[in-house]
Amino acid sequence: MRFAHVVPPESGEPRLALVEGDEVAIVEELFDGAPRVLEELIAGGDELLARVRESADRGTRHPLDGMGFASAVLSPPVILAIGLNYAAHSSELGLKTDSTPTVFVLWPNSLAGHDHTTTWPRSLSESVDYEAELGVIIGTPAKDVSPEDALDHVWGYTVVNDITARDIQYSEAQWSRCKSFDGFTPTGPFVVTADEVPDPQDLHIWTVLDGTTLQDATTGQMVRPVATLISHLSRSATLLPGTLISTGSPGGAGYSRDPQVFLRDRSTVTVGIDGIGALTTHCRILG
């Protein structure tokens with residue numbers, strides 16, 4: 001199943017929608033007590049998801065065209081990001097892939113939706129980069145799980161653009177601030193349930209900036225696959241339902257290019273994963 005937080009033009013408020021082709025059904029219209037946001041659907045477990053599936057044919061269909069989008073996740077318990085999880089990306093940044101994953105937290109203000117405009121002051125950074133990433137959404141609490149069992153705790157997958165102010169990244173020991181400007185973590189447009197992705201390590205991932213393809217890879221190139229990441233993170237803390245894990249970016253970042261390629265004023269960048277979706281962000285630099 002495929003879900004999104006759509007924003008109908010008449011309401012202006014995000015509403016959880018079941019997406020089928022070029023139409024959507026607003027989930028809260030399907031039955032009394034239906035979830036209004038993805039986090040409520042995840043909290044309801046398999047029973048609630050099954051009820052949504054059974055009720056899908058009863059709802060009014062609305063055209064997807066003309067809908068706005070909010071972030072694929074609205075209020076995750078935490079956003080965990082993994083750095084240096086593709087060897088090509090680590091090498092191009094001149095950073096070493098450690099024996100354990102590089103983990104940092106993204107701030108919730110950074111979340112943004114598909115087709116939104118992200119702005120930042122020129123005085124803060126003129127070296128803002130793109131990073132296409134597979135987003136993993138936890139469905140059931142995961143504590144000290146094995147890699148063999150880790151994917152059983154995944155509710156679904158989405159697309160993340162881990163936008164990064166590279167000059168700040170290289171001037172500070174911690175990476176959270178350089179990646180957590182307002183709007184620096186677009187997600188979506190869609191979340192697909194885990195049953196739609198038999199193998200998260202067999203997905204084509206890509207970035208197109210202003211019409212030019214700059215990242216073109218597969219999630220099979222991850223240094224540590226999704227199951228290993230979940231297992232590792234769950235050893236020290238329980239991963240709560242709704243947690244978003246951004247699993248790292250492949251090679252092709254703008255920072256490493258000669259000449260360097262950064263997001264410019266009025267740039268449009270689209271990051272995508274085949275079978276999940278394509279996520280577009282418009283850029284404006286202030287000042």
# chains A, B, ... in the order shown; residues from 1 in each chain; ligands from 1
$ residues_around --residues "segment 239-247 of chain A" --least-positions-apart "2" --cutoff "7 Å" --atoms "only C-alpha atoms" --output "PyMOL selection string"
chain A and resi 39+42-43+76-82+133-143+160+234+237
$ select_by_dssp --residues "segment 28-274 of chain A" --states "strand (DSSP E)" --output "number ranges by chain"
A: 61-63, 68-69, 79-83, 102-106, 111-112, 116-121, 128-129, 132-138, 154-161, 164-165, 185-186, 191-193, 204-209, 212-218, 244-246, 268-273
$ residues_around --residues "segment 112-129 of chain A" --least-positions-apart "4" --cutoff "10 Å" --atoms "only C-alpha atoms" --output "compact mmCIF listing (two decimals) with N, CA and C atoms, in the first residue's frame"
# COMPACT_ATOMS: atom_id res chain seq x y z
N ALA A 4 0.35 8.92 1.69
CA ALA A 4 0.97 10.24 1.65
C ALA A 4 0.19 11.16 2.57
N HIS A 5 0.84 12.20 3.03
CA HIS A 5 0.14 13.30 3.68
C HIS A 5 -0.14 14.35 2.61
N VAL A 6 -1.36 14.36 2.12
CA VAL A 6 -1.73 15.32 1.08
C VAL A 6 -2.35 16.55 1.73
N GLY A 68 -1.43 19.26 -2.68
CA GLY A 68 -0.12 19.55 -2.13
C GLY A 68 0.33 18.38 -1.28
N PHE A 69 1.57 18.44 -0.82
CA PHE A 69 2.12 17.36 0.00
C PHE A 69 2.79 17.95 1.24
N ALA A 70 2.54 17.32 2.36
CA ALA A 70 3.32 17.58 3.56
C ALA A 70 4.39 16.49 3.68
N SER A 71 5.26 16.62 4.66
CA SER A 71 6.29 15.61 4.87
C SER A 71 5.65 14.23 5.02
N ALA A 72 6.34 13.21 4.53
CA ALA A 72 5.82 11.85 4.63
C ALA A 72 5.63 11.43 6.08
N VAL A 73 6.47 11.94 6.97
CA VAL A 73 6.30 11.76 8.41
C VAL A 73 6.15 13.15 9.03
N LEU A 74 5.23 13.27 9.98
CA LEU A 74 4.95 14.58 10.55
C LEU A 74 5.55 14.76 11.94
N PRO A 108 13.46 18.11 14.06
CA PRO A 108 12.15 18.00 13.41
C PRO A 108 11.77 19.21 12.56
N VAL A 159 11.39 8.29 0.66
CA VAL A 159 12.57 8.93 0.07
C VAL A 159 12.93 10.15 0.91
N VAL A 160 14.22 10.33 1.14
CA VAL A 160 14.72 11.47 1.92
C VAL A 160 15.79 12.20 1.11
N ASN A 161 15.75 13.53 1.15
CA ASN A 161 16.87 14.33 0.65
C ASN A 161 17.56 14.93 1.87
N ASP A 162 18.74 14.44 2.17
CA ASP A 162 19.49 14.91 3.35
C ASP A 162 20.34 16.10 2.92
N ILE A 163 19.70 17.27 2.84
CA ILE A 163 20.37 18.48 2.39
C ILE A 163 21.40 18.92 3.44
N THR A 164 22.56 19.35 2.98
CA THR A 164 23.69 19.58 3.90
C THR A 164 24.43 20.86 3.55
N ALA A 165 24.67 21.70 4.55
CA ALA A 165 25.56 22.85 4.40
C ALA A 165 26.99 22.36 4.62
N ARG A 166 27.72 22.11 3.54
CA ARG A 166 29.02 21.46 3.65
C ARG A 166 30.04 22.30 4.42
N ASP A 167 30.03 23.62 4.25
CA ASP A 167 31.01 24.44 4.96
C ASP A 167 30.83 24.34 6.46
N ILE A 168 29.57 24.27 6.92
CA ILE A 168 29.32 24.11 8.35
C ILE A 168 29.68 22.69 8.78
N GLN A 169 29.39 21.70 7.94
CA GLN A 169 29.72 20.32 8.27
C GLN A 169 31.20 20.16 8.56
N CYS A 178 24.30 21.31 10.56
CA CYS A 178 24.53 21.56 9.14
C CYS A 178 23.48 20.90 8.27
N LYS A 179 22.73 19.94 8.83
CA LYS A 179 21.72 19.21 8.08
C LYS A 179 20.30 19.48 8.58
N PHE A 181 18.83 22.82 9.01
CA PHE A 181 18.18 24.09 8.70
C PHE A 181 16.70 23.80 8.43
N ASP A 182 15.85 24.80 8.58
CA ASP A 182 14.44 24.62 8.23
C ASP A 182 14.34 24.11 6.79
N GLY A 183 13.61 23.00 6.62
CA GLY A 183 13.37 22.46 5.30
C GLY A 183 14.49 21.64 4.71
N PHE A 184 15.54 21.32 5.49
CA PHE A 184 16.68 20.58 4.95
C PHE A 184 16.47 19.07 4.94
N THR A 185 15.31 18.58 5.41
CA THR A 185 15.03 17.14 5.35
C THR A 185 13.69 16.89 4.68
N PRO A 186 13.60 17.14 3.38
CA PRO A 186 12.37 16.77 2.67
C PRO A 186 12.19 15.26 2.69
N THR A 187 10.94 14.81 2.83
CA THR A 187 10.63 13.38 2.79
C THR A 187 9.37 13.16 1.97
N GLY A 188 9.31 12.00 1.31
CA GLY A 188 8.10 11.67 0.57
C GLY A 188 8.36 11.48 -0.92
N PRO A 189 7.38 11.76 -1.78
CA PRO A 189 6.03 12.14 -1.41
C PRO A 189 5.27 11.02 -0.71
N PHE A 190 5.73 9.77 -0.96
CA PHE A 190 4.96 8.62 -0.52
C PHE A 190 5.70 7.80 0.51
N ALA A 253 27.90 13.33 -4.79
CA ALA A 253 27.58 14.60 -4.14
C ALA A 253 28.26 15.75 -4.85
N GLY A 254 27.65 16.92 -4.77
CA GLY A 254 28.19 18.09 -5.45
C GLY A 254 29.49 18.59 -4.89
N TYR A 255 29.71 18.36 -3.60
CA TYR A 255 30.91 18.85 -2.93
C TYR A 255 32.18 18.30 -3.58
N GLN A 260 32.87 22.14 -8.23
CA GLN A 260 31.83 21.75 -7.29
C GLN A 260 30.45 22.20 -7.78
N VAL A 261 29.45 21.42 -7.43
CA VAL A 261 28.08 21.71 -7.82
C VAL A 261 27.24 21.79 -6.55
N PHE A 262 26.69 22.97 -6.28
CA PHE A 262 25.85 23.15 -5.10
C PHE A 262 24.45 23.61 -5.51
N LEU A 263 23.53 23.52 -4.57
CA LEU A 263 22.18 24.03 -4.80
C LEU A 263 22.24 25.56 -4.88
N ARG A 264 21.71 26.08 -5.96
CA ARG A 264 21.76 27.52 -6.20
C ARG A 264 20.38 28.13 -6.00
N ASP A 265 20.36 29.46 -5.98
CA ASP A 265 19.08 30.15 -5.95
C ASP A 265 18.27 29.75 -7.19
N ARG A 266 17.06 29.29 -6.95
CA ARG A 266 16.11 28.83 -7.97
C ARG A 266 16.45 27.46 -8.55
N SER A 267 17.37 26.72 -7.92
CA SER A 267 17.60 25.33 -8.32
C SER A 267 16.38 24.48 -8.00
N THR A 268 16.21 23.42 -8.78
CA THR A 268 15.22 22.39 -8.49
C THR A 268 15.94 21.06 -8.44
N VAL A 269 15.82 20.36 -7.33
CA VAL A 269 16.50 19.08 -7.15
C VAL A 269 15.46 18.00 -6.87
N THR A 270 15.58 16.89 -7.58
CA THR A 270 14.69 15.75 -7.38
C THR A 270 15.52 14.53 -7.02
N ALA A 278 9.53 9.94 -6.26
CA ALA A 278 10.46 10.99 -6.63
C ALA A 278 10.08 12.25 -5.86
N LEU A 279 11.05 12.81 -5.16
CA LEU A 279 10.84 13.90 -4.20
C LEU A 279 11.53 15.16 -4.71
N THR A 280 10.77 16.21 -4.97
CA THR A 280 11.31 17.44 -5.55
C THR A 280 11.34 18.57 -4.52
N THR A 281 12.44 19.31 -4.54
CA THR A 281 12.61 20.49 -3.69
C THR A 281 13.07 21.66 -4.53
N HIS A 282 12.44 22.81 -4.31
CA HIS A 282 12.83 24.06 -4.96
C HIS A 282 13.67 24.86 -3.96
N CYS A 283 14.67 25.54 -4.45
CA CYS A 283 15.63 26.22 -3.59
C CYS A 283 15.61 27.73 -3.80
N ARG A 284 15.63 28.46 -2.70
CA ARG A 284 15.80 29.92 -2.75
C ARG A 284 16.84 30.32 -1.71
N ILE A 285 17.80 31.14 -2.13
CA ILE A 285 18.83 31.66 -1.23
C ILE A 285 18.50 33.11 -0.94
N LEU A 286 18.46 33.45 0.32
CA LEU A 286 18.05 34.79 0.74
C LEU A 286 19.27 35.66 0.99
N GLY A 287 19.19 36.89 0.53
CA GLY A 287 20.24 37.86 0.81
C GLY A 287 21.32 37.89 -0.23
$ closest_residue --among "A:Ser11, A:Glu54, A:Asp46, A:His153" --to "Ser231 of chain A" --atoms "only C-alpha atoms"
A:His153
$ atom_distance --atom1 "atom CA of Leu209 of chain A" --atom2 "atom CA of Gly83 of chain A"
21.4 Å
$ residues_around --residues "Glu23 of chain A" --least-positions-apart "3" --cutoff "10 Å" --atoms "only C-alpha atoms" --output "list of chain:residue names"
A:Ala17, A:Leu18, A:Val19, A:Glu20, A:Thr60, A:Arg61, A:His62, A:Pro63, A:Leu64, A:Asp65
$ select_by_dssp --residues "segment 70-234 of chain A" --states "helix (DSSP H, G or I)" --output "CSV table (one decimal) with C-alpha atoms, in the first residue's frame"
chain,number,residue,atom,x,y,z
A,87,ALA,CA,32.0,3.7,0.2
A,88,ALA,CA,31.9,6.0,-2.8
A,89,HIS,CA,30.4,8.8,-0.8
A,90,SER,CA,32.9,8.4,2.1
A,91,SER,CA,35.8,8.5,-0.4
A,92,GLU,CA,34.6,11.6,-2.3
A,93,LEU,CA,34.1,13.6,1.0
A,108,PRO,CA,12.1,18.0,13.4
A,109,ASN,CA,12.0,21.6,12.0
A,110,SER,CA,14.0,20.3,9.0
A,147,PRO,CA,19.9,-8.5,11.7
A,148,GLU,CA,17.9,-11.6,10.7
A,149,ASP,CA,14.8,-10.2,12.5
A,150,ALA,CA,15.3,-6.5,12.0
A,151,LEU,CA,13.2,-6.1,8.9
A,152,ASP,CA,10.2,-7.5,10.7
A,153,HIS,CA,10.1,-4.2,12.6
A,166,ARG,CA,29.0,21.5,3.7
A,167,ASP,CA,31.0,24.4,5.0
A,168,ILE,CA,29.3,24.1,8.4
A,169,GLN,CA,29.7,20.3,8.3
A,177,ARG,CA,23.1,21.6,12.7
A,178,CYS,CA,24.5,21.6,9.1
A,179,LYS,CA,21.7,19.2,8.1
A,194,ALA,CA,7.2,-2.9,3.8
A,195,ASP,CA,5.5,-5.7,1.9
A,196,GLU,CA,5.9,-3.6,-1.3
A,219,THR,CA,21.0,0.6,-2.3
A,220,GLY,CA,22.9,-2.6,-2.7
A,221,GLN,CA,26.1,-0.5,-2.5
A,226,VAL,CA,19.2,-1.7,6.4
A,227,ALA,CA,18.9,-4.8,8.6
A,228,THR,CA,22.4,-4.3,10.1
A,229,LEU,CA,21.6,-0.6,10.8
A,230,ILE,CA,18.4,-1.4,12.6
A,231,SER,CA,20.1,-4.1,14.7
A,232,HIS,CA,23.0,-1.8,15.6
A,233,LEU,CA,20.8,1.1,16.6
A,234,SER,CA,18.5,-1.1,18.6
$ closest_residue --among "A:Leu111, A:Val191, A:Val37, A:Ala25" --to "Gly59 of chain A" --atoms "only C-alpha atoms"
A:Ala25
$ residues_around --residues "Thr213 of chain A" --least-positions-apart "2" --cutoff "12 Å" --atoms "only C-alpha atoms" --output "number ranges by chain"
A: 130, 132, 205-211, 215-217, 252-254, 261, 269-272
$ atom_distance --atom1 "atom CA of Arg58 of chain A" --atom2 "atom CA of Pro14 of chain A"
20.9 Å
$ closest_residue --among "A:Tyr170, A:Tyr86, A:Phe3, A:Trp175" --to "Pro35 of chain A" --atoms "only C-alpha atoms"
A:Phe3
$ atom_distance --atom1 "atom CA of Ala56 of chain A" --atom2 "atom CA of Leu30 of chain A"
6.9 Å
$ decode --residues "segment 224-258 of chain A" --atoms "N, CA, C and O atoms" --output "PDB file, in the first residue's frame"
ATOM      1  N   ARG A 224      26.619  -0.900   5.115  1.00  0.00           N
ATOM      2  CA  ARG A 224      25.833  -1.671   6.092  1.00  0.00           C
ATOM      3  C   ARG A 224      24.378  -1.655   5.640  1.00  0.00           C
ATOM      4  O   ARG A 224      23.765  -0.588   5.571  1.00  0.00           O
ATOM      5  N   PRO A 225      23.810  -2.811   5.349  1.00  0.00           N
ATOM      6  CA  PRO A 225      22.429  -2.846   4.875  1.00  0.00           C
ATOM      7  C   PRO A 225      21.443  -2.420   5.955  1.00  0.00           C
ATOM      8  O   PRO A 225      21.782  -2.294   7.134  1.00  0.00           O
ATOM      9  N   VAL A 226      20.211  -2.211   5.526  1.00  0.00           N
ATOM     10  CA  VAL A 226      19.169  -1.720   6.427  1.00  0.00           C
ATOM     11  C   VAL A 226      19.041  -2.599   7.666  1.00  0.00           C
ATOM     12  O   VAL A 226      18.960  -2.106   8.794  1.00  0.00           O
ATOM     13  N   ALA A 227      19.035  -3.910   7.496  1.00  0.00           N
ATOM     14  CA  ALA A 227      18.865  -4.822   8.635  1.00  0.00           C
ATOM     15  C   ALA A 227      19.997  -4.654   9.647  1.00  0.00           C
ATOM     16  O   ALA A 227      19.772  -4.677  10.865  1.00  0.00           O
ATOM     17  N   THR A 228      21.212  -4.475   9.166  1.00  0.00           N
ATOM     18  CA  THR A 228      22.351  -4.293  10.062  1.00  0.00           C
ATOM     19  C   THR A 228      22.241  -2.977  10.818  1.00  0.00           C
ATOM     20  O   THR A 228      22.549  -2.905  12.016  1.00  0.00           O
ATOM     21  N   LEU A 229      21.795  -1.917  10.136  1.00  0.00           N
ATOM     22  CA  LEU A 229      21.636  -0.617  10.795  1.00  0.00           C
ATOM     23  C   LEU A 229      20.598  -0.683  11.914  1.00  0.00           C
ATOM     24  O   LEU A 229      20.828  -0.180  13.021  1.00  0.00           O
ATOM     25  N   ILE A 230      19.457  -1.303  11.626  1.00  0.00           N
ATOM     26  CA  ILE A 230      18.409  -1.405  12.648  1.00  0.00           C
ATOM     27  C   ILE A 230      18.918  -2.200  13.843  1.00  0.00           C
ATOM     28  O   ILE A 230      18.716  -1.805  15.004  1.00  0.00           O
ATOM     29  N   SER A 231      19.571  -3.306  13.589  1.00  0.00           N
ATOM     30  CA  SER A 231      20.112  -4.121  14.673  1.00  0.00           C
ATOM     31  C   SER A 231      21.097  -3.315  15.520  1.00  0.00           C
ATOM     32  O   SER A 231      21.031  -3.329  16.754  1.00  0.00           O
ATOM     33  N   HIS A 232      22.003  -2.604  14.869  1.00  0.00           N
ATOM     34  CA  HIS A 232      22.999  -1.811  15.584  1.00  0.00           C
ATOM     35  C   HIS A 232      22.345  -0.735  16.440  1.00  0.00           C
ATOM     36  O   HIS A 232      22.678  -0.582  17.629  1.00  0.00           O
ATOM     37  N   LEU A 233      21.419   0.020  15.871  1.00  0.00           N
ATOM     38  CA  LEU A 233      20.774   1.106  16.608  1.00  0.00           C
ATOM     39  C   LEU A 233      19.953   0.578  17.779  1.00  0.00           C
ATOM     40  O   LEU A 233      19.853   1.232  18.822  1.00  0.00           O
ATOM     41  N   SER A 234      19.361  -0.610  17.613  1.00  0.00           N
ATOM     42  CA  SER A 234      18.475  -1.149  18.649  1.00  0.00           C
ATOM     43  C   SER A 234      19.228  -1.693  19.852  1.00  0.00           C
ATOM     44  O   SER A 234      18.612  -2.003  20.878  1.00  0.00           O
ATOM     45  N   ARG A 235      20.537  -1.821  19.760  1.00  0.00           N
ATOM     46  CA  ARG A 235      21.290  -2.348  20.893  1.00  0.00           C
ATOM     47  C   ARG A 235      21.342  -1.362  22.049  1.00  0.00           C
ATOM     48  O   ARG A 235      21.350  -1.765  23.217  1.00  0.00           O
ATOM     49  N   SER A 236      21.376  -0.086  21.738  1.00  0.00           N
ATOM     50  CA  SER A 236      21.542   0.915  22.792  1.00  0.00           C
ATOM     51  C   SER A 236      20.234   1.591  23.183  1.00  0.00           C
ATOM     52  O   SER A 236      20.129   2.144  24.282  1.00  0.00           O
ATOM     53  N   ALA A 237      19.253   1.563  22.307  1.00  0.00           N
ATOM     54  CA  ALA A 237      17.990   2.235  22.603  1.00  0.00           C
ATOM     55  C   ALA A 237      16.865   1.555  21.842  1.00  0.00           C
ATOM     56  O   ALA A 237      17.071   1.051  20.729  1.00  0.00           O
ATOM     57  N   THR A 238      15.686   1.552  22.433  1.00  0.00           N
ATOM     58  CA  THR A 238      14.522   1.007  21.751  1.00  0.00           C
ATOM     59  C   THR A 238      14.115   1.935  20.622  1.00  0.00           C
ATOM     60  O   THR A 238      13.907   3.136  20.832  1.00  0.00           O
ATOM     61  N   LEU A 239      14.016   1.391  19.424  1.00  0.00           N
ATOM     62  CA  LEU A 239      13.520   2.160  18.287  1.00  0.00           C
ATOM     63  C   LEU A 239      12.002   2.130  18.336  1.00  0.00           C
ATOM     64  O   LEU A 239      11.378   1.079  18.196  1.00  0.00           O
ATOM     65  N   LEU A 240      11.402   3.287  18.553  1.00  0.00           N
ATOM     66  CA  LEU A 240       9.952   3.374  18.748  1.00  0.00           C
ATOM     67  C   LEU A 240       9.215   3.442  17.420  1.00  0.00           C
ATOM     68  O   LEU A 240       9.762   3.903  16.408  1.00  0.00           O
ATOM     69  N   PRO A 241       7.959   2.994  17.398  1.00  0.00           N
ATOM     70  CA  PRO A 241       7.164   3.090  16.172  1.00  0.00           C
ATOM     71  C   PRO A 241       7.120   4.523  15.653  1.00  0.00           C
ATOM     72  O   PRO A 241       6.942   5.471  16.420  1.00  0.00           O
ATOM     73  N   GLY A 242       7.286   4.666  14.357  1.00  0.00           N
ATOM     74  CA  GLY A 242       7.298   5.989  13.737  1.00  0.00           C
ATOM     75  C   GLY A 242       8.681   6.582  13.564  1.00  0.00           C
ATOM     76  O   GLY A 242       8.841   7.587  12.870  1.00  0.00           O
ATOM     77  N   THR A 243       9.695   5.974  14.189  1.00  0.00           N
ATOM     78  CA  THR A 243      11.069   6.448  14.027  1.00  0.00           C
ATOM     79  C   THR A 243      11.461   6.417  12.550  1.00  0.00           C
ATOM     80  O   THR A 243      11.203   5.438  11.855  1.00  0.00           O
ATOM     81  N   LEU A 244      12.086   7.504  12.080  1.00  0.00           N
ATOM     82  CA  LEU A 244      12.584   7.569  10.711  1.00  0.00           C
ATOM     83  C   LEU A 244      14.097   7.414  10.732  1.00  0.00           C
ATOM     84  O   LEU A 244      14.793   8.125  11.462  1.00  0.00           O
ATOM     85  N   ILE A 245      14.607   6.472   9.942  1.00  0.00           N
ATOM     86  CA  ILE A 245      16.044   6.273   9.790  1.00  0.00           C
ATOM     87  C   ILE A 245      16.408   6.603   8.356  1.00  0.00           C
ATOM     88  O   ILE A 245      15.895   5.989   7.413  1.00  0.00           O
ATOM     89  N   SER A 246      17.287   7.583   8.192  1.00  0.00           N
ATOM     90  CA  SER A 246      17.793   7.931   6.864  1.00  0.00           C
ATOM     91  C   SER A 246      19.135   7.226   6.687  1.00  0.00           C
ATOM     92  O   SER A 246      20.068   7.436   7.477  1.00  0.00           O
ATOM     93  N   THR A 247      19.250   6.384   5.671  1.00  0.00           N
ATOM     94  CA  THR A 247      20.265   5.332   5.667  1.00  0.00           C
ATOM     95  C   THR A 247      21.555   5.667   4.923  1.00  0.00           C
ATOM     96  O   THR A 247      22.375   4.782   4.684  1.00  0.00           O
ATOM     97  N   GLY A 248      21.768   6.929   4.567  1.00  0.00           N
ATOM     98  CA  GLY A 248      23.009   7.314   3.921  1.00  0.00           C
ATOM     99  C   GLY A 248      22.853   7.532   2.431  1.00  0.00           C
ATOM    100  O   GLY A 248      21.903   7.065   1.800  1.00  0.00           O
ATOM    101  N   SER A 249      23.830   8.256   1.867  1.00  0.00           N
ATOM    102  CA  SER A 249      23.762   8.680   0.474  1.00  0.00           C
ATOM    103  C   SER A 249      24.852   8.019  -0.359  1.00  0.00           C
ATOM    104  O   SER A 249      25.980   7.846   0.106  1.00  0.00           O
ATOM    105  N   PRO A 250      24.536   7.675  -1.603  1.00  0.00           N
ATOM    106  CA  PRO A 250      25.566   7.135  -2.487  1.00  0.00           C
ATOM    107  C   PRO A 250      26.504   8.232  -2.995  1.00  0.00           C
ATOM    108  O   PRO A 250      26.345   9.406  -2.680  1.00  0.00           O
ATOM    109  N   GLY A 251      27.489   7.829  -3.798  1.00  0.00           N
ATOM    110  CA  GLY A 251      28.418   8.784  -4.375  1.00  0.00           C
ATOM    111  C   GLY A 251      27.733   9.710  -5.369  1.00  0.00           C
ATOM    112  O   GLY A 251      26.617   9.471  -5.828  1.00  0.00           O
ATOM    113  N   GLY A 252      28.431  10.804  -5.700  1.00  0.00           N
ATOM    114  CA  GLY A 252      27.913  11.763  -6.655  1.00  0.00           C
ATOM    115  C   GLY A 252      27.527  13.094  -6.049  1.00  0.00           C
ATOM    116  O   GLY A 252      26.896  13.923  -6.711  1.00  0.00           O
ATOM    117  N   ALA A 253      27.903  13.330  -4.792  1.00  0.00           N
ATOM    118  CA  ALA A 253      27.579  14.598  -4.139  1.00  0.00           C
ATOM    119  C   ALA A 253      28.264  15.754  -4.854  1.00  0.00           C
ATOM    120  O   ALA A 253      29.341  15.613  -5.450  1.00  0.00           O
ATOM    121  N   GLY A 254      27.646  16.919  -4.771  1.00  0.00           N
ATOM    122  CA  GLY A 254      28.186  18.085  -5.454  1.00  0.00           C
ATOM    123  C   GLY A 254      29.491  18.586  -4.886  1.00  0.00           C
ATOM    124  O   GLY A 254      30.313  19.175  -5.605  1.00  0.00           O
ATOM    125  N   TYR A 255      29.711  18.355  -3.596  1.00  0.00           N
ATOM    126  CA  TYR A 255      30.914  18.847  -2.935  1.00  0.00           C
ATOM    127  C   TYR A 255      32.179  18.300  -3.575  1.00  0.00           C
ATOM    128  O   TYR A 255      33.203  18.986  -3.657  1.00  0.00           O
ATOM    129  N   SER A 256      32.126  17.069  -4.040  1.00  0.00           N
ATOM    130  CA  SER A 256      33.328  16.385  -4.524  1.00  0.00           C
ATOM    131  C   SER A 256      33.585  16.616  -6.003  1.00  0.00           C
ATOM    132  O   SER A 256      34.618  16.181  -6.528  1.00  0.00           O
ATOM    133  N   ARG A 257      32.695  17.280  -6.697  1.00  0.00           N
ATOM    134  CA  ARG A 257      32.837  17.444  -8.134  1.00  0.00           C
ATOM    135  C   ARG A 257      33.829  18.565  -8.466  1.00  0.00           C
ATOM    136  O   ARG A 257      34.074  19.462  -7.659  1.00  0.00           O
ATOM    137  N   ASP A 258      34.368  18.491  -9.639  1.00  0.00           N
ATOM    138  CA  ASP A 258      35.317  19.505 -10.098  1.00  0.00           C
ATOM    139  C   ASP A 258      34.860  20.028 -11.461  1.00  0.00           C
ATOM    140  O   ASP A 258      35.015  19.344 -12.477  1.00  0.00           O
TER     141      ASP A 258
END
